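> Dropping in query26.cif, with mmCIF, C-alpha atoms (C1' of nucleotides).
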data_upload
#
loop_
_atom_site.label_atom_id
_atom_site.label_comp_id
_atom_site.auth_asym_id
_atom_site.auth_seq_id
_atom_site.Cartn_x
_atom_site.Cartn_y
_atom_site.Cartn_z
CA MET A 1 -5.17 -30.74 3.13
CA SER A 2 -6.82 -32.61 5.97
CA ASP A 3 -5.71 -29.81 8.21
CA LEU A 4 -8.93 -28.17 7.21
CA GLY A 5 -10.95 -31.24 8.02
CA ALA A 6 -9.25 -31.60 11.38
CA ALA A 7 -9.88 -27.98 12.29
CA LEU A 8 -13.54 -28.31 11.42
CA ARG A 9 -13.97 -31.59 13.24
CA ALA A 10 -12.30 -30.21 16.33
CA ARG A 11 -15.23 -27.84 16.56
CA GLY A 12 -17.88 -30.40 15.79
CA MET A 13 -18.16 -29.14 12.24
CA ARG A 14 -17.78 -31.10 9.05
CA LEU A 15 -15.66 -30.91 5.95
CA THR A 16 -18.03 -30.88 3.02
CA PRO A 17 -17.16 -30.67 -0.66
CA GLN A 18 -18.87 -27.28 -0.72
CA ARG A 19 -16.59 -25.90 1.95
CA ARG A 20 -13.60 -27.32 0.17
CA ARG A 21 -14.68 -25.56 -3.00
CA ILE A 22 -15.08 -22.29 -1.14
CA VAL A 23 -11.57 -22.55 0.22
CA ASP A 24 -10.23 -23.41 -3.21
CA ALA A 25 -11.97 -20.44 -4.74
CA LEU A 26 -10.57 -18.15 -2.10
CA THR A 27 -7.12 -19.58 -2.66
CA SER A 28 -7.07 -18.64 -6.31
CA LEU A 29 -9.01 -15.41 -5.92
CA GLU A 30 -6.96 -14.19 -2.97
CA HIS A 31 -9.72 -11.69 -2.23
CA GLY A 32 -13.42 -11.79 -2.91
CA THR A 33 -16.90 -10.83 -1.91
CA PRO A 34 -19.36 -13.65 -1.25
CA ASP A 35 -20.68 -12.98 -4.69
CA ALA A 36 -17.29 -13.23 -6.32
CA VAL A 37 -16.60 -16.44 -4.42
CA ALA A 38 -19.83 -17.91 -5.75
CA ALA A 39 -18.84 -16.96 -9.28
CA LYS A 40 -15.40 -18.49 -8.90
CA VAL A 41 -16.80 -21.66 -7.42
CA ALA A 42 -19.13 -21.98 -10.38
CA ASP A 43 -16.27 -21.29 -12.77
CA ASP A 44 -14.23 -24.10 -11.34
CA GLY A 45 -16.89 -26.51 -12.53
CA GLY A 46 -19.49 -28.57 -10.81
CA ALA A 47 -22.84 -27.39 -9.60
CA THR A 48 -23.45 -23.76 -8.71
CA LEU A 49 -23.61 -23.22 -4.99
CA PRO A 50 -26.49 -21.18 -3.64
CA LEU A 51 -25.38 -17.93 -2.04
CA SER A 52 -26.73 -19.12 1.27
CA THR A 53 -24.23 -21.95 1.29
CA ILE A 54 -21.45 -19.53 0.48
CA TYR A 55 -22.45 -17.25 3.32
CA ARG A 56 -22.79 -20.08 5.80
CA GLY A 57 -19.54 -21.61 4.65
CA LEU A 58 -17.59 -18.38 4.93
CA ASP A 59 -19.02 -17.79 8.37
CA ALA A 60 -18.03 -21.21 9.54
CA LEU A 61 -14.53 -20.86 8.15
CA GLU A 62 -14.17 -17.44 9.65
CA GLU A 63 -15.17 -18.73 13.04
CA LEU A 64 -12.33 -21.19 12.73
CA GLY A 65 -9.88 -18.47 11.84
CA ILE A 66 -9.22 -20.00 8.43
CA VAL A 67 -10.89 -17.15 6.67
CA SER A 68 -11.22 -13.51 7.53
CA HIS A 69 -12.80 -10.44 6.02
CA THR A 70 -12.49 -6.69 5.75
CA HIS A 71 -14.69 -3.96 4.36
CA LEU A 72 -13.08 -2.12 1.51
CA ASP A 73 -16.17 -0.03 1.00
CA HIS A 74 -19.68 0.41 2.29
CA ARG A 75 -21.25 -2.51 0.60
CA ALA A 76 -18.63 -5.17 0.19
CA PRO A 77 -17.28 -7.54 2.75
CA THR A 78 -14.12 -8.93 1.17
CA TYR A 79 -13.03 -12.39 2.29
CA HIS A 80 -9.61 -13.96 2.13
CA LEU A 81 -7.67 -16.85 3.58
CA ALA A 82 -6.28 -15.86 6.94
CA ASP A 83 -2.84 -17.26 6.26
CA HIS A 84 -2.44 -15.53 2.96
CA ALA A 85 0.14 -12.85 3.62
CA THR A 86 -0.51 -9.65 1.79
CA HIS A 87 -0.95 -5.96 2.16
CA ILE A 88 -2.95 -3.33 3.94
CA HIS A 89 -5.73 -1.70 1.97
CA LEU A 90 -5.90 2.06 1.99
CA VAL A 91 -9.36 3.24 1.07
CA CYS A 92 -9.71 6.91 0.17
CA LEU A 93 -12.81 8.56 1.60
CA GLY A 94 -12.67 11.18 -1.10
CA CYS A 95 -12.34 9.32 -4.35
CA GLY A 96 -12.85 5.75 -3.22
CA THR A 97 -9.59 4.56 -4.68
CA VAL A 98 -8.05 1.55 -2.95
CA SER A 99 -4.28 1.53 -2.72
CA GLU A 100 -1.92 -0.65 -0.74
CA ALA A 101 0.77 -0.48 1.88
CA PRO A 102 3.20 -3.16 3.04
CA ILE A 103 2.17 -5.02 6.19
CA ALA A 104 5.47 -4.06 7.70
CA THR A 105 4.03 -0.62 8.39
CA ALA A 106 1.67 -2.21 10.88
CA ALA A 107 4.05 -4.59 12.58
CA ASP A 108 4.69 -2.53 15.68
CA PHE A 109 1.10 -1.40 15.77
CA ALA A 110 -0.03 -4.99 16.10
CA GLY A 111 2.50 -5.47 18.87
CA ASN A 112 1.27 -2.39 20.68
CA VAL A 113 -2.31 -3.56 20.63
CA ARG A 114 -1.36 -7.03 21.77
CA ASP A 115 0.69 -5.66 24.64
CA ALA A 116 -1.89 -3.11 25.69
CA THR A 117 -4.98 -5.26 25.47
CA GLY A 118 -4.26 -8.94 24.92
CA PHE A 119 -6.23 -8.71 21.70
CA ASP A 120 -4.55 -10.34 18.75
CA PRO A 121 -5.23 -8.16 15.71
CA ASP A 122 -5.35 -9.55 12.21
CA VAL A 123 -3.48 -6.80 10.41
CA THR A 124 -3.16 -8.83 7.27
CA HIS A 125 -5.60 -7.39 4.77
CA MET A 126 -6.60 -4.71 7.22
CA ALA A 127 -8.56 -1.90 5.61
CA ILE A 128 -7.72 1.65 6.60
CA HIS A 129 -9.83 4.59 5.58
CA GLY A 130 -8.38 8.00 5.05
CA TRP A 131 -7.34 10.45 2.38
CA CYS A 132 -5.06 9.86 -0.55
CA ALA A 133 -2.52 12.51 -1.48
CA GLY A 134 -4.77 13.99 -4.11
CA CYS A 135 -7.94 14.24 -2.04
CA ARG A 136 -6.08 15.49 0.98
CA GLY A 137 -5.29 18.59 -1.01
CA ASP A 138 -8.88 19.10 -2.12
CA LYS A 139 -10.04 19.14 1.45
CA GLN A 140 -8.32 22.40 2.15
CA MET B 1 -21.02 26.79 13.43
CA SER B 2 -20.90 28.40 10.00
CA ASP B 3 -17.74 26.46 9.45
CA LEU B 4 -20.00 23.71 8.31
CA GLY B 5 -21.83 25.99 5.93
CA ALA B 6 -18.58 27.32 4.55
CA ALA B 7 -17.17 23.86 3.98
CA LEU B 8 -20.28 22.81 2.14
CA ARG B 9 -20.47 25.94 0.06
CA ALA B 10 -16.83 25.62 -0.91
CA ARG B 11 -17.82 22.43 -2.67
CA GLY B 12 -20.94 23.82 -4.23
CA MET B 13 -23.11 22.08 -1.64
CA ARG B 14 -25.65 23.64 0.67
CA LEU B 15 -26.23 23.80 4.36
CA THR B 16 -29.74 22.57 4.96
CA PRO B 17 -31.53 22.18 8.28
CA GLN B 18 -31.56 18.44 7.66
CA ARG B 19 -27.80 18.29 7.41
CA ARG B 20 -27.47 20.39 10.50
CA ARG B 21 -29.69 17.98 12.38
CA ILE B 22 -27.62 15.04 11.22
CA VAL B 23 -24.47 16.68 12.51
CA ASP B 24 -26.15 17.47 15.80
CA ALA B 25 -27.32 13.91 16.19
CA LEU B 26 -23.85 12.61 15.51
CA THR B 27 -22.42 15.05 18.01
CA SER B 28 -24.49 13.71 20.85
CA LEU B 29 -24.42 10.09 19.74
CA GLU B 30 -20.68 10.03 19.11
CA HIS B 31 -21.19 6.86 17.08
CA GLY B 32 -24.13 5.59 15.12
CA THR B 33 -25.45 3.63 12.20
CA PRO B 34 -27.59 5.51 9.67
CA ASP B 35 -30.54 3.97 11.41
CA ALA B 36 -29.45 5.18 14.83
CA VAL B 37 -28.82 8.64 13.44
CA ALA B 38 -32.34 8.72 12.06
CA ALA B 39 -33.72 7.71 15.44
CA LYS B 40 -31.69 10.36 17.24
CA VAL B 41 -32.71 13.03 14.78
CA ALA B 42 -36.34 12.13 15.34
CA ASP B 43 -35.79 12.15 19.09
CA ASP B 44 -34.44 15.65 19.00
CA GLY B 45 -37.81 16.85 17.80
CA GLY B 46 -39.10 18.09 14.50
CA ALA B 47 -40.12 15.98 11.56
CA THR B 48 -38.71 12.53 11.02
CA LEU B 49 -36.14 12.46 8.26
CA PRO B 50 -36.47 9.76 5.63
CA LEU B 51 -33.57 7.33 5.65
CA SER B 52 -32.67 8.41 2.15
CA THR B 53 -31.96 11.90 3.39
CA ILE B 54 -29.82 10.49 6.18
CA TYR B 55 -27.85 8.41 3.74
CA ARG B 56 -27.37 11.24 1.32
CA GLY B 57 -26.51 13.63 4.11
CA LEU B 58 -23.92 11.34 5.65
CA ASP B 59 -22.39 10.75 2.24
CA ALA B 60 -22.12 14.45 1.57
CA LEU B 61 -20.60 15.12 4.98
CA GLU B 62 -18.19 12.26 4.59
CA GLU B 63 -17.05 13.58 1.25
CA LEU B 64 -16.19 16.79 3.03
CA GLY B 65 -14.23 14.99 5.69
CA ILE B 66 -16.57 16.17 8.42
CA VAL B 67 -17.91 12.73 9.03
CA SER B 68 -16.31 9.34 8.69
CA HIS B 69 -17.33 5.74 9.17
CA THR B 70 -16.03 2.33 10.10
CA HIS B 71 -17.48 -1.16 10.02
CA LEU B 72 -17.69 -2.74 13.42
CA ASP B 73 -19.40 -5.78 12.02
CA HIS B 74 -20.81 -7.19 8.79
CA ARG B 75 -23.94 -5.21 8.64
CA ALA B 76 -23.33 -1.91 10.32
CA PRO B 77 -21.49 1.10 9.00
CA THR B 78 -20.91 3.25 12.05
CA TYR B 79 -20.61 6.97 11.47
CA HIS B 80 -18.98 9.58 13.67
CA LEU B 81 -17.69 13.13 13.45
CA ALA B 82 -14.19 13.12 12.06
CA ASP B 83 -12.82 15.47 14.66
CA HIS B 84 -14.15 13.53 17.60
CA ALA B 85 -11.08 11.96 19.18
CA THR B 86 -11.65 8.51 20.50
CA HIS B 87 -10.45 4.97 20.47
CA ILE B 88 -9.72 2.10 18.19
CA HIS B 89 -12.35 -0.62 18.01
CA LEU B 90 -11.19 -4.18 18.39
CA VAL B 91 -13.73 -6.55 16.92
CA CYS B 92 -13.34 -10.21 17.83
CA LEU B 93 -13.91 -12.59 14.93
CA GLY B 94 -14.72 -15.37 17.35
CA CYS B 95 -17.30 -13.95 19.72
CA GLY B 96 -18.08 -10.63 18.07
CA THR B 97 -17.26 -8.64 21.16
CA VAL B 98 -16.09 -5.08 20.52
CA SER B 99 -13.43 -3.77 22.87
CA GLU B 100 -11.26 -0.68 22.67
CA ALA B 101 -7.65 0.40 22.58
CA PRO B 102 -6.14 3.86 22.96
CA ILE B 103 -5.36 5.67 19.72
CA ALA B 104 -1.83 6.05 20.94
CA THR B 105 -1.19 2.46 19.93
CA ALA B 106 -1.64 3.51 16.32
CA ALA B 107 0.29 6.75 16.34
CA ASP B 108 3.46 5.43 14.76
CA PHE B 109 1.50 3.20 12.46
CA ALA B 110 -0.24 6.23 10.99
CA GLY B 111 3.14 7.88 10.56
CA ASN B 112 4.56 4.81 8.83
CA VAL B 113 1.74 4.73 6.34
CA ARG B 114 1.98 8.44 5.66
CA ASP B 115 5.72 8.22 5.10
CA ALA B 116 5.54 5.12 2.95
CA THR B 117 2.60 6.06 0.78
CA GLY B 118 1.49 9.66 1.18
CA PHE B 119 -1.89 8.37 2.25
CA ASP B 120 -3.27 10.08 5.34
CA PRO B 121 -5.04 7.40 7.39
CA ASP B 122 -7.90 8.22 9.71
CA VAL B 123 -6.93 6.04 12.64
CA THR B 124 -9.50 7.62 14.89
CA HIS B 125 -12.31 5.12 15.29
CA MET B 126 -10.45 2.62 13.18
CA ALA B 127 -11.88 -0.89 13.43
CA ILE B 128 -9.48 -3.77 13.72
CA HIS B 129 -10.58 -7.37 13.45
CA GLY B 130 -8.82 -10.14 15.27
CA TRP B 131 -9.09 -12.43 18.24
CA CYS B 132 -9.71 -11.53 21.85
CA ALA B 133 -7.74 -13.25 24.57
CA GLY B 134 -10.52 -15.76 25.18
CA CYS B 135 -11.17 -16.75 21.59
CA ARG B 136 -7.51 -16.90 20.75
CA GLY B 137 -7.25 -19.82 23.15
CA ASP B 138 -10.23 -21.62 21.65
CA LYS B 139 -8.65 -21.54 18.24
CA GLN B 140 -5.96 -23.99 19.25
"C1'" DT C 1 -27.32 -43.50 13.03
"C1'" DT C 2 -27.49 -38.70 13.96
"C1'" DG C 3 -26.62 -34.19 13.98
"C1'" DA C 4 -24.50 -30.94 10.82
"C1'" DA C 5 -24.88 -28.93 6.24
"C1'" DT C 6 -27.13 -28.24 1.89
"C1'" DG C 7 -30.64 -26.40 -1.46
"C1'" DC C 8 -34.30 -23.90 -2.42
"C1'" DA C 9 -37.56 -20.52 -1.85
"C1'" DA C 10 -39.23 -16.87 0.67
"C1'" DA C 11 -38.43 -13.10 4.01
"C1'" DA C 12 -35.73 -9.37 5.92
"C1'" DA C 13 -32.49 -5.84 5.87
"C1'" DA C 14 -30.08 -2.27 4.06
"C1'" DT C 15 -29.19 0.97 0.52
"C1'" DT C 16 -30.12 3.36 -3.71
"C1'" DT C 17 -32.79 5.74 -7.24
"C1'" DG C 18 -36.37 8.48 -9.91
"C1'" DC C 19 -38.80 12.41 -9.92
"C1'" DA C 20 -41.73 16.22 -8.66
"C1'" DT C 21 -41.37 19.81 -5.30
"C1'" DA C 22 -39.26 22.81 -2.07
"C1'" DT C 23 -35.09 25.54 -0.80
"C1'" DT C 24 -30.60 27.61 -0.52
"C1'" DG C 25 -27.42 30.84 -2.18
"C1'" DC D 1 -33.54 32.40 -10.74
"C1'" DA D 2 -30.82 28.14 -11.02
"C1'" DA D 3 -29.11 24.37 -9.11
"C1'" DT D 4 -28.98 21.58 -5.06
"C1'" DA D 5 -31.63 18.81 -1.61
"C1'" DT D 6 -35.60 16.87 0.10
"C1'" DG D 7 -39.50 13.51 0.50
"C1'" DC D 8 -41.72 9.75 -0.86
"C1'" DA D 9 -42.35 5.53 -3.04
"C1'" DA D 10 -40.51 1.93 -5.54
"C1'" DA D 11 -36.67 -0.81 -6.93
"C1'" DT D 12 -32.22 -2.96 -5.88
"C1'" DT D 13 -28.99 -5.36 -3.58
"C1'" DT D 14 -27.35 -8.03 0.07
"C1'" DT D 15 -27.94 -11.23 3.72
"C1'" DT D 16 -30.63 -14.27 6.57
"C1'" DT D 17 -34.00 -17.95 7.65
"C1'" DG D 18 -37.16 -22.07 7.65
"C1'" DC D 19 -37.40 -26.62 6.52
"C1'" DA D 20 -37.22 -30.99 4.28
"C1'" DT D 21 -33.49 -33.70 2.59
"C1'" DT D 22 -28.80 -35.31 2.18
"C1'" DC D 23 -24.46 -36.56 3.81
"C1'" DA D 24 -20.14 -36.78 6.75
"C1'" DA D 25 -18.32 -38.99 10.63
#
If you convert what's in this file into structure tokens, what do you get?


Amino acid sequence: MSDLGAALRARGMRLTPQRRRIVDALTSLEHGTPDAVAAKVADDGGATLPLSTIYRGLDALEELGIVSHTHLDHRAPTYHLADHATHIHLVCLGCGTVSEAPIATAADFAGNVRDATGFDPDVTHMAIHGWCAGCRGDKQ
Amino acid sequence: MSDLGAALRARGMRLTPQRRRIVDALTSLEHGTPDAVAAKVADDGGATLPLSTIYRGLDALEELGIVSHTHLDHRAPTYHLADHATHIHLVCLGCGTVSEAPIATAADFAGNVRDATGFDPDVTHMAIHGWCAGCRGDKQ
DNA sequence: TTGAATGCAAAAAATTTGCATATTG
DNA sequence: CAATATGCAAATTTTTTGCATTCAA
């Protein structure tokens, strides 16, 4: 996929084997923290990449819009390919459980935001915090 | 507000002066990282609270649903009172700028999620990542 | 050739934990 | 009184940085 190379070059950046490996790892992982990406990259063979390269690579790819991230919990930025269509993550503030909802539920929301502000939201993989059915009851 | 005390007690927790100060700080700050809360608490007079107490206090209050948090960027959990009505945060992945949108834009979205999953999303203060008008152009 | 990216090691942040002591209920 | 919270210090965990070297374009 020289699409990747072209996108990078268009911004004065370069396509390195490390970045290619990061994208590959993300492709098979679908979701992952920088740490998980490093593990996957190592798994796929070849030399281990230092975390710093992972971080810098993910940043660069995110700047390009090829990669994006959400926070499922306090301590874990979760990265994914931007064009990988999936679900919305529902994170319960009570029990911490992460469930999912179809992106369709956010379709008109994205439109509303775009219309109202000109901001183009990435609702794919969006993380929403709230209360699951069980914990909602406990609150009372 | 002994509501706070009652809520805590109902869960076997206690209302301490430290927790009260944290809530007060959050009330006047509206938004803040644990660090900012600590600073505000100190500002309001009295002894400085160790960060660990802030963290534990915010956690306890969040468990109760009195406080909630979002991630505006990689490194900063931003806490706020759950019942403080405000806006949605739009965080640009390109330039990092944080803009806002009225909560109204998410009203039906919240309903959709609730209907589809039984999960009660806290859309107040929700952080959405995406691309601002300026950066969206750059991407091309 | 030349600036961008990597590797490594060291530094900074940010968050959590252990435990004795103080406090709330 | 008993159990929960605090304070402090130390330990973790996560992320960032400096710099010499390598490599893509």

> Taking the file above as input, evaluate the PyMOL selection byres ((chain C) within 10 of (chain B)) and report the hits as a ChimeraX atom specification.

/C:13-17,23-25

> Determine, using all atoms listed in the file, which residues of chain B have any atom at most 6 Å from an atom of chain A, and tabulate each with its shortest atom pair and distance in Å to one decimal place, rows ordered by chain and then rising number, as a Markdown table.


| residue | atom | partner | partner_atom | distance |
| --- | --- | --- | --- | --- |
| B:Glu63 | CA | A:Gly94 | CA | 5.5 |
| B:Gly94 | CA | A:Glu63 | CA | 5.5 |
| B:Thr105 | CA | A:Asn112 | CA | 5.5 |
| B:Ala106 | CA | A:Phe109 | CA | 5.6 |
| B:Phe109 | CA | A:Ala106 | CA | 5.6 |
| B:Asn112 | CA | A:Thr105 | CA | 5.5 |
| B:Gly118 | CA | A:Ala133 | CA | 5.6 |
| B:Phe119 | CA | A:Cys132 | CA | 4.5 |
| B:Asp120 | CA | A:Trp131 | CA | 5.0 |
| B:Pro121 | CA | A:Gly130 | CA | 4.1 |
| B:Asp122 | CA | A:Gly130 | CA | 4.7 |
| B:His129 | CA | A:Asp122 | CA | 5.8 |
| B:Gly130 | CA | A:Pro121 | CA | 4.1 |
| B:Trp131 | CA | A:Asp120 | CA | 5.0 |
| B:Cys132 | CA | A:Phe119 | CA | 4.5 |
| B:Ala133 | CA | A:Gly118 | CA | 5.6 |

> Could you jot down the atom CA of Gly46 of chain B to atom CA of Pro17 of chain B separation for me, Å, one decimal place?

10.6 Å

> Please find the residues of chain D near chain A - the criterion being any atom within 12 Å, counting all atoms listed in the file - and write them as a tab-separated table (two decimals) with C-alpha atoms (C1' of nucleotides), in the frame of the given file.


chain	number	residue	atom	x	y	z
D	13	DT	C1'	-28.99	-5.36	-3.58
D	14	DT	C1'	-27.35	-8.03	0.07
D	15	DT	C1'	-27.94	-11.23	3.72
D	16	DT	C1'	-30.63	-14.27	6.57
D	17	DT	C1'	-34.00	-17.95	7.65
D	22	DT	C1'	-28.80	-35.31	2.18
D	23	DC	C1'	-24.46	-36.56	3.81
D	24	DA	C1'	-20.14	-36.78	6.75
D	25	DA	C1'	-18.32	-38.99	10.63

> What would the selection look like, as number ranges by chain, if the PyMOL selection byres ((chain D and resi 20) around 12) were run on the coordinates I just shared?

C: 6-8; D: 18-19, 21-22

> Take atom CA of Ser28 of chain B and atom CA of Pro50 of chain B and report the distance between them in Å, one decimal.

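These atoms are spaced 19.8 Å apart.
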
> What residues have an atom no more than 9 Å from (-4.5, -16.4, -0.8) in the file's own frame, counting all atoms listed in the file, and can you write them as a PyMOL selection string?

chain A and resi 26-31+80-86

> Quick one: pull the distance between atom CA of Ala42 of chain A and atom CA of Leu58 of chain A, Å, one decimal.

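Distance reported for this atom pair: 15.8 Å.
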
> Output the residue selection produced by the PyMOL selection byres ((chain D and resi 10) around 10) on the file above, formatted as a JSON list (two decimals) with C-alpha atoms (C1' of nucleotides), in the coordinates of the input.


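Contents of the output file selection19.json:
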[["chain", "number", "residue", "atom", "x", "y", "z"],
["C", 17, "DT", "C1'", -32.79, 5.74, -7.24],
["C", 18, "DG", "C1'", -36.37, 8.48, -9.91],
["D", 8, "DC", "C1'", -41.72, 9.75, -0.86],
["D", 9, "DA", "C1'", -42.35, 5.53, -3.04],
["D", 11, "DA", "C1'", -36.67, -0.81, -6.93],
["D", 12, "DT", "C1'", -32.22, -2.96, -5.88]]
